[in-house]
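Colleague: I'm passing along protein_34.txt; it holds compact mmCIF, C-alpha atoms.
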# COMPACT_ATOMS: atom_id res chain seq x y z
CA MET J 1 38.10 78.16 -57.25
CA THR J 2 36.26 81.48 -57.01
CA SER J 3 36.26 83.19 -60.39
CA LEU J 4 37.18 86.86 -60.72
CA ASN J 5 33.58 87.95 -61.29
CA GLU J 6 32.39 86.07 -58.18
CA ILE J 7 34.45 88.30 -55.87
CA PRO J 8 32.01 90.55 -54.01
CA SER J 9 33.36 94.05 -54.66
CA VAL J 10 32.26 97.47 -55.90
CA LEU J 11 34.60 97.00 -58.89
CA ARG J 12 34.53 94.25 -61.52
CA GLY J 13 36.93 92.35 -63.79
CA PRO J 14 40.11 94.05 -65.04
CA VAL J 15 39.28 97.29 -63.14
CA LEU J 16 39.34 95.32 -59.88
CA LEU J 17 42.65 93.67 -60.84
CA GLY J 18 44.13 97.09 -61.69
CA ALA J 19 42.94 98.59 -58.38
CA LEU J 20 44.40 95.64 -56.45
CA THR J 21 47.75 95.94 -58.26
CA GLY J 22 47.81 99.67 -57.48
CA MET J 23 47.01 98.96 -53.84
CA GLY J 24 49.80 96.35 -53.75
CA LEU J 25 52.24 98.90 -55.24
CA ALA J 26 51.29 101.52 -52.62
CA VAL J 27 51.46 99.05 -49.74
CA GLY J 28 54.78 97.66 -51.01
CA LEU J 29 56.15 101.21 -51.14
CA LEU J 30 55.16 101.64 -47.48
CA THR J 31 56.72 98.28 -46.57
CA GLY J 32 60.02 99.28 -48.18
CA LEU J 33 59.88 102.74 -46.64
CA PHE J 34 58.68 101.96 -43.12
CA GLY J 35 59.48 98.25 -42.66
CA ILE J 36 55.97 97.19 -41.67
CA GLY J 37 54.26 94.31 -43.51
CA GLY J 38 51.15 96.21 -44.54
CA GLY J 39 48.43 93.73 -43.54
CA ILE J 40 47.14 96.25 -41.03
CA ILE J 41 46.50 98.61 -43.94
CA VAL J 42 45.52 96.07 -46.64
CA THR J 43 42.69 94.31 -44.76
CA PRO J 44 40.65 97.42 -43.80
CA LEU J 45 41.28 99.15 -47.14
CA LEU J 46 40.14 96.08 -49.12
CA ASN J 47 36.87 96.43 -47.21
CA VAL J 48 36.51 100.23 -47.16
CA LEU J 49 37.75 101.10 -50.66
CA LEU J 50 36.86 97.99 -52.67
CA GLY J 51 33.85 96.71 -50.67
CA ILE J 52 35.32 93.22 -50.19
CA PRO J 53 33.70 91.56 -47.11
CA TYR J 54 35.97 91.31 -44.06
CA PRO J 55 36.35 87.48 -43.92
CA LEU J 56 37.50 87.33 -47.58
CA ALA J 57 39.70 90.43 -47.10
CA ALA J 58 41.26 88.91 -43.95
CA GLY J 59 42.02 85.50 -45.53
CA SER J 60 43.47 87.06 -48.69
CA SER J 61 45.50 89.58 -46.70
CA LEU J 62 47.05 86.75 -44.66
CA SER J 63 48.07 84.97 -47.88
CA PHE J 64 49.57 88.28 -49.10
CA ALA J 65 51.45 88.63 -45.77
CA LEU J 66 52.99 85.20 -46.41
CA GLY J 67 54.63 86.54 -49.58
CA ALA J 68 55.53 89.91 -48.07
CA SER J 69 57.27 88.39 -45.02
CA SER J 70 59.08 85.42 -46.63
CA GLY J 71 61.62 87.42 -48.68
CA GLY J 72 62.37 89.79 -45.80
CA TRP J 73 62.80 86.91 -43.35
CA VAL J 74 65.37 85.22 -45.57
CA ARG J 75 67.29 88.50 -45.92
CA HIS J 76 67.30 89.02 -42.12
CA MET J 77 68.34 85.38 -41.57
CA ARG J 78 71.39 85.97 -43.81
CA LEU J 79 72.21 89.14 -41.85
CA GLY J 80 71.97 87.23 -38.54
CA ASN J 81 69.07 89.36 -37.26
CA VAL J 82 66.81 86.45 -36.22
CA GLU J 83 66.76 85.32 -32.56
CA HIS J 84 66.06 81.64 -33.22
CA LYS J 85 64.74 80.45 -29.82
CA THR J 86 62.30 83.37 -29.61
CA ALA J 87 61.27 82.89 -33.25
CA ILE J 88 60.53 79.15 -32.75
CA ALA J 89 58.62 79.55 -29.46
CA MET J 90 56.63 82.58 -30.62
CA SER J 91 55.90 81.15 -34.08
CA ILE J 92 54.37 77.98 -32.60
CA ALA J 93 52.27 80.01 -30.14
CA ALA J 94 51.31 82.63 -32.75
CA ALA J 95 50.26 79.94 -35.28
CA CYS J 96 47.98 78.30 -32.65
CA GLY J 97 46.66 81.77 -31.72
CA ALA J 98 45.98 82.60 -35.39
CA VAL J 99 43.86 79.44 -35.81
CA LEU J 100 41.89 80.49 -32.72
CA GLY J 101 41.60 84.08 -33.99
CA GLY J 102 40.38 82.85 -37.39
CA GLN J 103 37.73 80.65 -35.71
CA LEU J 104 36.70 83.65 -33.60
CA HIS J 105 36.31 85.73 -36.78
CA MET J 106 34.07 83.03 -38.29
CA ALA J 107 32.05 82.79 -35.05
CA LEU J 108 31.55 86.58 -35.12
CA LYS J 109 30.53 86.31 -38.77
CA SER J 110 27.78 83.80 -37.95
CA SER J 111 26.58 85.49 -34.75
CA LEU J 112 26.69 89.15 -35.86
CA ARG J 113 24.69 90.15 -38.90
CA GLU J 114 26.08 92.58 -41.48
CA PRO J 115 26.83 95.45 -41.08
CA ARG J 116 27.51 94.72 -37.38
CA LEU J 117 30.50 92.47 -38.17
CA THR J 118 32.03 95.20 -40.36
CA LEU J 119 31.38 97.85 -37.69
CA THR J 120 32.97 95.69 -34.94
CA LEU J 121 36.07 95.02 -37.04
CA HIS J 122 36.23 98.69 -38.14
CA ALA J 123 36.29 99.69 -34.45
CA LEU J 124 39.07 97.18 -33.69
CA PHE J 125 41.12 98.46 -36.63
CA ILE J 126 40.67 102.11 -35.61
CA LEU J 127 41.92 101.31 -32.08
CA THR J 128 44.86 99.22 -33.38
CA LEU J 129 45.90 101.86 -35.93
CA ALA J 130 45.68 104.62 -33.31
CA ALA J 131 47.93 102.56 -30.98
CA VAL J 132 50.42 101.90 -33.82
CA ALA J 133 50.47 105.63 -34.74
CA TRP J 134 51.09 106.59 -31.10
CA LEU J 135 53.92 104.03 -30.69
CA THR J 136 55.53 105.24 -33.93
CA TRP J 137 55.22 108.96 -33.13
CA ARG J 138 56.95 108.58 -29.75
CA GLN J 139 60.71 108.82 -29.39
CA PRO J 140 62.51 105.72 -30.76
CA LEU J 141 62.27 102.74 -28.47
CA THR J 142 65.85 102.48 -27.27
CA GLU J 143 66.92 99.39 -25.39
CA ALA J 144 66.52 100.00 -21.70
CA GLY J 145 69.47 98.93 -19.58
CA GLY J 146 67.05 97.34 -17.08
CA ARG J 147 65.30 94.01 -17.21
CA CYS J 148 62.45 93.45 -19.64
CA LEU J 149 58.96 92.33 -18.59
CA LEU J 150 59.56 88.62 -19.36
CA GLU J 151 62.76 88.62 -17.27
CA ARG J 152 60.85 89.97 -14.28
CA LEU J 153 57.92 87.55 -14.72
CA PRO J 154 58.16 84.92 -11.92
CA LEU J 155 56.97 82.05 -14.13
CA PRO J 156 59.47 79.19 -14.77
CA PRO J 157 60.89 77.45 -16.81
CA ARG J 158 63.25 80.09 -18.25
CA ILE J 159 65.25 80.11 -21.47
CA SER J 160 68.30 82.18 -22.44
CA ILE J 161 67.78 84.42 -25.46
CA GLY J 162 69.47 87.37 -27.16
CA GLY J 163 72.70 88.04 -29.01
CA GLU J 164 74.25 91.25 -27.74
CA GLN J 165 72.77 90.93 -24.25
CA VAL J 166 71.74 87.48 -22.96
CA ARG J 167 68.40 87.49 -21.15
CA ARG J 168 66.73 84.73 -19.08
CA VAL J 169 63.07 85.06 -19.99
CA SER J 170 60.00 83.13 -18.85
CA LEU J 171 59.01 80.54 -21.50
CA PRO J 172 55.26 80.49 -20.54
CA GLY J 173 55.32 84.31 -20.76
CA LEU J 174 56.92 84.17 -24.21
CA LEU J 175 54.34 81.62 -25.41
CA ALA J 176 51.47 83.68 -23.97
CA ALA J 177 52.73 86.85 -25.72
CA GLY J 178 53.01 84.95 -29.02
CA ALA J 179 49.56 83.39 -28.65
CA ALA J 180 47.96 86.76 -27.81
CA GLY J 181 49.54 88.37 -30.89
CA GLY J 182 48.43 85.36 -32.95
CA VAL J 183 44.78 85.58 -31.82
CA PHE J 184 44.75 89.27 -32.67
CA GLY J 185 46.41 88.70 -36.07
CA GLY J 186 44.06 85.82 -36.91
CA LEU J 187 40.97 87.75 -35.83
CA LEU J 188 41.81 90.88 -37.84
CA GLY J 189 43.48 89.02 -40.73
CA ILE J 190 46.81 90.82 -40.43
CA GLY J 191 50.32 89.34 -40.43
CA GLY J 192 51.00 91.19 -37.20
CA GLY J 193 54.35 92.92 -37.81
CA ALA J 194 52.91 96.08 -36.27
CA ILE J 195 52.08 94.07 -33.13
CA PHE J 196 55.14 91.83 -32.85
CA VAL J 197 57.90 94.43 -33.34
CA PRO J 198 56.82 96.53 -30.28
CA LEU J 199 56.10 93.31 -28.36
CA LEU J 200 59.59 91.91 -29.03
CA LEU J 201 61.20 95.25 -28.15
CA LEU J 202 59.27 96.08 -25.01
CA VAL J 203 58.19 92.72 -23.56
CA VAL J 204 60.94 90.34 -24.72
CA GLY J 205 63.75 92.92 -24.70
CA LEU J 206 65.32 92.22 -28.13
CA SER J 207 67.32 94.86 -30.02
CA ILE J 208 65.54 96.67 -32.89
CA ARG J 209 67.30 94.62 -35.60
CA GLN J 210 66.54 91.33 -33.85
CA ALA J 211 62.94 92.45 -33.24
CA VAL J 212 62.37 93.17 -36.96
CA GLY J 213 64.08 89.95 -38.16
CA THR J 214 62.39 87.72 -35.56
CA SER J 215 59.01 89.35 -36.09
CA LEU J 216 59.12 88.51 -39.82
CA GLY J 217 59.56 84.81 -38.96
CA VAL J 218 56.64 84.90 -36.52
CA VAL J 219 54.48 86.72 -39.12
CA LEU J 220 55.34 84.02 -41.68
CA PHE J 221 54.06 81.16 -39.49
CA LEU J 222 51.08 83.15 -38.20
CA SER J 223 50.06 83.92 -41.79
CA LEU J 224 50.49 80.28 -42.82
CA ALA J 225 48.15 79.10 -40.04
CA GLY J 226 45.74 81.94 -40.83
CA VAL J 227 45.60 81.18 -44.57
CA LEU J 228 44.80 77.53 -43.84
CA THR J 229 42.03 78.51 -41.36
CA TYR J 230 40.38 81.03 -43.71
CA GLY J 231 41.16 79.09 -46.90
CA LEU J 232 39.45 75.92 -45.65
CA ARG J 233 36.25 77.98 -45.37
CA GLY J 234 36.70 79.46 -48.85
CA GLN J 235 37.54 82.90 -47.41
CA ALA J 236 40.67 83.69 -49.43
CA SER J 237 41.04 84.30 -53.15
CA ILE J 238 44.05 84.03 -55.39
CA TRP J 239 42.45 86.74 -57.60
CA ILE J 240 42.93 89.20 -54.75
CA VAL J 241 46.33 87.93 -53.58
CA GLY J 242 48.00 87.71 -57.04
CA PRO J 243 47.65 91.40 -58.08
CA LEU J 244 48.52 92.58 -54.55
CA LEU J 245 51.75 90.54 -54.65
CA LEU J 246 52.60 91.73 -58.16
CA GLY J 247 52.31 95.39 -57.17
CA SER J 248 54.02 95.05 -53.81
CA GLY J 249 57.05 93.20 -55.23
CA PHE J 250 58.04 96.34 -57.14
CA GLY J 251 56.71 98.80 -54.55
CA VAL J 252 58.99 97.37 -51.85
CA GLN J 253 62.10 98.03 -53.95
CA ALA J 254 60.98 101.61 -54.70
CA GLY J 255 60.25 102.16 -50.98
CA ALA J 256 63.65 100.83 -49.92
CA TRP J 257 65.32 103.16 -52.47
CA LEU J 258 63.31 106.12 -51.15
CA CYS J 259 64.06 105.16 -47.53
CA GLN J 260 67.80 105.73 -48.06
CA ARG J 261 67.12 109.29 -49.25
CA LEU J 262 64.94 110.44 -46.33
CA GLU J 263 65.79 111.25 -42.71
CA GLY J 264 64.84 108.70 -39.98
CA PRO J 265 62.57 110.90 -37.77
CA ARG J 266 60.81 112.27 -40.86
CA ILE J 267 60.08 108.72 -42.09
CA ARG J 268 58.78 107.69 -38.65
CA ARG J 269 56.46 110.68 -38.30
CA SER J 270 55.21 110.41 -41.90
CA PHE J 271 54.28 106.80 -41.15
CA ALA J 272 52.37 107.81 -38.02
CA VAL J 273 50.43 110.44 -40.02
CA LEU J 274 49.68 107.93 -42.78
CA VAL J 275 48.40 105.35 -40.26
CA LEU J 276 46.13 108.02 -38.77
CA LEU J 277 44.84 108.87 -42.26
CA VAL J 278 43.92 105.19 -42.82
CA ALA J 279 42.22 105.18 -39.39
CA ALA J 280 40.30 108.35 -40.38
CA CYS J 281 39.24 106.68 -43.65
CA ILE J 282 37.88 103.68 -41.69
CA ALA J 283 36.22 106.01 -39.16
CA ALA J 284 34.43 107.86 -42.00
CA ASP J 285 33.13 104.54 -43.35
CA PHE J 286 32.15 103.54 -39.79
CA VAL J 287 30.06 106.73 -39.37
CA ALA J 288 28.46 106.33 -42.83
CA LYS J 289 27.46 102.71 -42.06
CA CYS J 290 26.14 103.69 -38.59
CA ARG J 291 23.88 106.32 -40.18
CA ARG J 292 22.44 103.71 -42.54
CA LEU J 293 21.60 101.39 -39.61
CA MET N 1 39.72 73.45 -59.04
CA PRO N 2 39.40 71.43 -55.81
CA LYS N 3 39.59 73.35 -52.54
CA SER N 4 42.85 71.69 -51.46
CA ALA N 5 44.55 72.76 -54.70
CA GLU N 6 43.36 76.34 -54.21
CA ILE N 7 44.69 76.40 -50.63
CA LEU N 8 48.01 75.02 -51.84
CA LEU N 9 48.12 77.82 -54.42
CA LEU N 10 47.29 80.42 -51.75
CA VAL N 11 50.29 79.19 -49.72
CA LEU N 12 52.85 78.34 -52.39
CA LEU N 13 52.32 81.25 -54.81
CA PRO N 14 53.01 83.99 -52.22
CA LEU N 15 55.99 82.05 -50.83
CA ALA N 16 57.48 81.49 -54.27
CA TRP N 17 56.83 85.13 -55.27
CA GLY N 18 58.26 86.53 -52.01
CA LEU N 19 61.42 84.42 -52.14
CA GLY N 20 61.78 84.71 -55.93
CA ILE N 21 61.51 88.49 -56.11
CA GLU N 22 63.97 88.86 -53.23
CA GLN N 23 66.49 86.66 -55.08
CA PHE N 24 65.88 88.51 -58.36
CA PHE N 25 66.50 91.98 -56.94
CA ASP N 26 69.48 90.66 -54.97
CA TRP N 27 70.97 89.33 -58.22
CA LEU N 28 70.20 92.66 -59.94
CA ARG N 29 71.92 94.67 -57.16
CA ASN N 30 74.98 92.39 -57.23
CA ARG N 31 75.22 92.67 -61.02
CA ARG N 32 75.07 96.48 -60.90
CA HIS N 33 77.66 96.49 -58.13
CA ASP N 34 79.98 94.18 -60.12
CA ARG N 35 79.62 96.35 -63.25
CA LYS N 36 80.47 99.52 -61.31
CA ARG N 37 83.54 97.79 -59.82
CA ALA N 38 84.59 96.51 -63.24
CA GLY N 39 84.16 100.07 -64.63
CA ARG N 40 86.38 101.52 -61.91
CA ASN N 41 89.08 98.89 -62.56
CA LEU N 42 89.30 99.77 -66.26
Show me this structure written as structure tokens.
Modeller:
Amino acid sequence: MTSLNEIPSVLRGPVLLGALTGMGLAVGLLTGLFGIGGGIIVTPLLNVLLGIPYPLAAGSSLSFALGASSGGWVRHMRLGNVEHKTAIAMSIAAACGAVLGGQLHMALKSSLREPRLTLTLHALFILTLAAVAWLTWRQPLTEAGGRCLLERLPLPPRISIGGEQVRRVSLPGLLAAGAAGGVFGGLLGIGGGAIFVPLLLLVVGLSIRQAVGTSLGVVLFLSLAGVLTYGLRGQASIWIVGPLLLGSGFGVQAGAWLCQRLEGPRIRRSFAVLVLLVAACIAADFVAKCRRL
Amino acid sequence: MPKSAEILLLVLLPLAWGLGIEQFFDWLRNRRHDRKRAGRNL
């Protein structure tokens, strides 16, 4: 087991643990407030703010996502917000995709020398965060009365999904969407809530509640596969995951409390601005590292 | 600690924490709710 002082970071010992707990608290607050897992913020910030190398940040962030998604998934299961057939098909595909994404990350690590790996992943994160901010800033994604993309896809066999409105969607299309999200999540070391919620809304045609509940289940299995892939190569540390979990456990409750006292559009737009701020923070680090090249 | 034990910890600790904290706050909310109801019934 990696000891605390062996973690490559700009901070050491108890200061590092304190910073990680604080980060967990802040990310948990955002999870409670905005309903997004936080991996998309945790992984790049572990690298940019604490100087933890991307592979270790990605593996640890996936383990953190496992804890962050499990409680929420159980709650949504109780509320009947999980579309089971979609969750099973997408989870299997996403878990396979995450293993592939993790292997791709390791291949990039061996083929690209530092700081090229960091710069490549920084660029991917900036693009992803910009897309997430744009999707969030737009008007709410209301369910279109028409057919969703997977209903129109002429690729049999088809399965019936959905609660309020039954849809006949293409199973290969559903598996491909899950696998694509999984590769992306595994490569960047994020649970993928920010990817799967829009995917389930726009491509699969689920309602917003079902999309959130189902996405948490997919994130859980993606993270599990990701942790095993990174963990087997020693690229995940319990010293990083533990404090993050401790902080986020309380942050989530505070965020959920705050969420009930703010207006919906204000919350949505604040989230978009925050995501852009994180992207700007990564971009600043990107420019600083490019200058040093 | 062997690698397999560390991986097991990386999987089980977050799961246990995630599920445990959810149950704990659920219990806390229910208790507060029950107390408020009991207070109103007095």
Colleague: For chain J, report every residue with an atom at most 8 Å from chain N (counting all atoms listed in the file), formatted as a short mmCIF file (atom, residue, chain, number, x, y, z; two decimals) with C-alpha atoms, keeping the file's coordinate frame.
Modeller:
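Output (result27.cif):
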data_model
loop_
_atom_site.label_atom_id
_atom_site.label_comp_id
_atom_site.auth_asym_id
_atom_site.auth_seq_id
_atom_site.Cartn_x
_atom_site.Cartn_y
_atom_site.Cartn_z
CA MET J 1 38.10 78.16 -57.25
CA SER J 63 48.07 84.97 -47.88
CA PHE J 64 49.57 88.28 -49.10
CA LEU J 66 52.99 85.20 -46.41
CA GLY J 67 54.63 86.54 -49.58
CA ALA J 68 55.53 89.91 -48.07
CA SER J 69 57.27 88.39 -45.02
CA SER J 70 59.08 85.42 -46.63
CA GLY J 71 61.62 87.42 -48.68
CA GLY J 72 62.37 89.79 -45.80
CA VAL J 74 65.37 85.22 -45.57
CA LEU J 224 50.49 80.28 -42.82
CA VAL J 227 45.60 81.18 -44.57
CA LEU J 228 44.80 77.53 -43.84
CA GLY J 231 41.16 79.09 -46.90
CA LEU J 232 39.45 75.92 -45.65
CA GLY J 234 36.70 79.46 -48.85
CA ALA J 236 40.67 83.69 -49.43
CA SER J 237 41.04 84.30 -53.15
CA ILE J 238 44.05 84.03 -55.39
CA VAL J 241 46.33 87.93 -53.58
CA GLY J 242 48.00 87.71 -57.04
CA LEU J 245 51.75 90.54 -54.65
CA GLY J 249 57.05 93.20 -55.23
#
Colleague: Can you measure CA of Val287 (chain J) to CA of Leu121 (chain J) for me? One decimal in Å is fine.
Modeller: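 So the two atoms, CA of Val287 (chain J) and CA of Leu121 (chain J), lie 13.4 Å apart.
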Colleague: What is the CA of Arg35 (chain N) to CA of Leu262 (chain J) distance in Å?
Modeller: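 Separation of CA of Arg35 (chain N) and CA of Leu262 (chain J): 26.5 Å.
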Colleague: Would you mind listing what lies within 10 Å of Pro44 (chain J) as a list in words, with only C-alpha atoms counted and same-chain residues fewer than 4 positions away left out?
Modeller: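 Using only C-alpha atoms, the neighbours found are Gly39, Ile40, Val48, Leu49, Leu50, Gly51, Ile52, Pro53, Tyr54, Ala57, Ala58, Ser61, Thr118, Leu121, His122, Phe125, Ile126, Leu188, Gly189, Ile190, Val278, Ala279, Cys281 and Ile282 of chain J.
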Colleague: Can you pull out the residues contacting Gly102 (chain J)? Cut-off 7 Å, using all atoms listed in the file, and skip same-chain residues under 5 positions away; I want them as a list of chain:residue names.
Modeller: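 Once the adjacent positions are removed, what remains is J:Gly186, J:Leu187, J:Gly226, J:Thr229, J:Tyr230.
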Colleague: Give me a file of those residues, with C-alpha atoms, as a short mmCIF file (atom, residue, chain, number, x, y, z; two decimals), in the coordinates of the input.
Modeller:
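Writing the result to result-v2.cif gives the following:
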data_model
loop_
_atom_site.label_atom_id
_atom_site.label_comp_id
_atom_site.auth_asym_id
_atom_site.auth_seq_id
_atom_site.Cartn_x
_atom_site.Cartn_y
_atom_site.Cartn_z
CA GLY J 186 44.06 85.82 -36.91
CA LEU J 187 40.97 87.75 -35.83
CA GLY J 226 45.74 81.94 -40.83
CA THR J 229 42.03 78.51 -41.36
CA TYR J 230 40.38 81.03 -43.71
#
Colleague: Go ahead and compute the interatomic distance for CA of Met106 (chain J) and CA of Val183 (chain J), in Å to one decimal.
Modeller: 12.8 Å
Colleague: Check the smallest atom-to-atom distance from each of J:Met90, J:Ile208, J:Val99, J:Ala65 to Thr31 (chain J) using only C-alpha atoms, then report the winner.
Modeller: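 With only C-alpha atoms as the atom set, the closest residue is J:Ala65.
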Colleague: Could you give me, as a compact mmCIF listing (two decimals) with C-alpha atoms, keeping the file's coordinate frame, the residues within 12 Å of Val197 (chain J), counting only C-alpha atoms and dropping anything in the same chain fewer than 2 positions from it?
Modeller:
# COMPACT_ATOMS: atom_id res chain seq x y z
CA GLY J 35 59.48 98.25 -42.66
CA ILE J 36 55.97 97.19 -41.67
CA GLY J 37 54.26 94.31 -43.51
CA VAL J 132 50.42 101.90 -33.82
CA LEU J 135 53.92 104.03 -30.69
CA THR J 136 55.53 105.24 -33.93
CA LEU J 141 62.27 102.74 -28.47
CA ALA J 177 52.73 86.85 -25.72
CA GLY J 178 53.01 84.95 -29.02
CA GLY J 181 49.54 88.37 -30.89
CA GLY J 191 50.32 89.34 -40.43
CA GLY J 192 51.00 91.19 -37.20
CA GLY J 193 54.35 92.92 -37.81
CA ALA J 194 52.91 96.08 -36.27
CA ILE J 195 52.08 94.07 -33.13
CA LEU J 199 56.10 93.31 -28.36
CA LEU J 200 59.59 91.91 -29.03
CA LEU J 201 61.20 95.25 -28.15
CA LEU J 202 59.27 96.08 -25.01
CA VAL J 203 58.19 92.72 -23.56
CA VAL J 204 60.94 90.34 -24.72
CA GLY J 205 63.75 92.92 -24.70
CA LEU J 206 65.32 92.22 -28.13
CA SER J 207 67.32 94.86 -30.02
CA ILE J 208 65.54 96.67 -32.89
CA ARG J 209 67.30 94.62 -35.60
CA GLN J 210 66.54 91.33 -33.85
CA ALA J 211 62.94 92.45 -33.24
CA VAL J 212 62.37 93.17 -36.96
CA GLY J 213 64.08 89.95 -38.16
CA THR J 214 62.39 87.72 -35.56
CA SER J 215 59.01 89.35 -36.09
CA LEU J 216 59.12 88.51 -39.82
CA GLY J 217 59.56 84.81 -38.96
CA VAL J 218 56.64 84.90 -36.52
CA VAL J 219 54.48 86.72 -39.12
Colleague: Just the residues within 10 Å of Val252 (chain J), please, counting all atoms listed in the file, with nothing from its chain fewer than 3 positions along; format it as number ranges by chain.
Modeller: J: 24-35, 68, 247-249, 255-258; N: 22
Colleague: Could you list as a ChimeraX atom specification every residue that has an atom within 10 Å of (34.2, 85.8, -35.4), using the file's coordinates and counting only C-alpha atoms?
Modeller: /J:55,100-112,117,120-121,186-188
Colleague: Let me make sure I understand: among J:Trp137, J:Leu277, J:Val82, J:Ala93, which one has the smallest atom-to-atom distance to Ala176 (chain J) if we use all atoms listed in the file?
Modeller: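 Counting all atoms listed in the file, the residue closest to Ala176 (chain J) is J:Ala93.
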Colleague: Starting from the sparse input, extend region 114-132 of chain J to N, CA and C atoms and give the output as a CSV table (one decimal), keeping the file's coordinate frame.
Modeller:
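That gives us result.csv:
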chain,number,residue,atom,x,y,z
J,114,GLU,N,25.5,91.4,-40.8
J,114,GLU,CA,26.1,92.6,-41.5
J,114,GLU,C,25.1,93.7,-41.3
J,115,PRO,N,25.5,95.0,-41.1
J,115,PRO,CA,26.8,95.4,-41.1
J,115,PRO,C,27.5,95.4,-39.7
J,116,ARG,N,26.9,94.7,-38.7
J,116,ARG,CA,27.5,94.7,-37.4
J,116,ARG,C,28.9,94.1,-37.3
J,117,LEU,N,29.2,93.1,-38.1
J,117,LEU,CA,30.5,92.5,-38.2
J,117,LEU,C,31.5,93.5,-38.7
J,118,THR,N,31.1,94.2,-39.8
J,118,THR,CA,32.0,95.2,-40.4
J,118,THR,C,32.3,96.3,-39.3
J,119,LEU,N,31.2,96.8,-38.7
J,119,LEU,CA,31.4,97.8,-37.7
J,119,LEU,C,32.3,97.4,-36.5
J,120,THR,N,32.1,96.2,-36.0
J,120,THR,CA,33.0,95.7,-34.9
J,120,THR,C,34.4,95.7,-35.4
J,121,LEU,N,34.7,95.1,-36.6
J,121,LEU,CA,36.1,95.0,-37.0
J,121,LEU,C,36.6,96.4,-37.4
J,122,HIS,N,35.8,97.3,-37.9
J,122,HIS,CA,36.2,98.7,-38.1
J,122,HIS,C,36.7,99.3,-36.8
J,123,ALA,N,35.9,99.1,-35.8
J,123,ALA,CA,36.3,99.7,-34.4
J,123,ALA,C,37.6,99.1,-34.0
J,124,LEU,N,37.8,97.8,-34.1
J,124,LEU,CA,39.1,97.2,-33.7
J,124,LEU,C,40.3,97.7,-34.5
J,125,PHE,N,40.0,97.9,-35.8
J,125,PHE,CA,41.1,98.5,-36.6
J,125,PHE,C,41.5,99.9,-36.3
J,126,ILE,N,40.4,100.7,-36.0
J,126,ILE,CA,40.7,102.1,-35.6
J,126,ILE,C,41.5,102.2,-34.3
J,127,LEU,N,41.2,101.3,-33.3
J,127,LEU,CA,41.9,101.3,-32.1
J,127,LEU,C,43.4,100.8,-32.3
J,128,THR,N,43.5,99.8,-33.1
J,128,THR,CA,44.9,99.2,-33.4
J,128,THR,C,45.7,100.3,-34.1
J,129,LEU,N,45.1,100.9,-35.1
J,129,LEU,CA,45.9,101.9,-35.9
J,129,LEU,C,46.3,103.1,-35.1
J,130,ALA,N,45.4,103.5,-34.2
J,130,ALA,CA,45.7,104.6,-33.3
J,130,ALA,C,46.9,104.2,-32.4
J,131,ALA,N,46.8,103.0,-31.9
J,131,ALA,CA,47.9,102.6,-31.0
J,131,ALA,C,49.3,102.5,-31.8
J,132,VAL,N,49.2,102.0,-33.0
J,132,VAL,CA,50.4,101.9,-33.8
J,132,VAL,C,51.0,103.3,-34.1
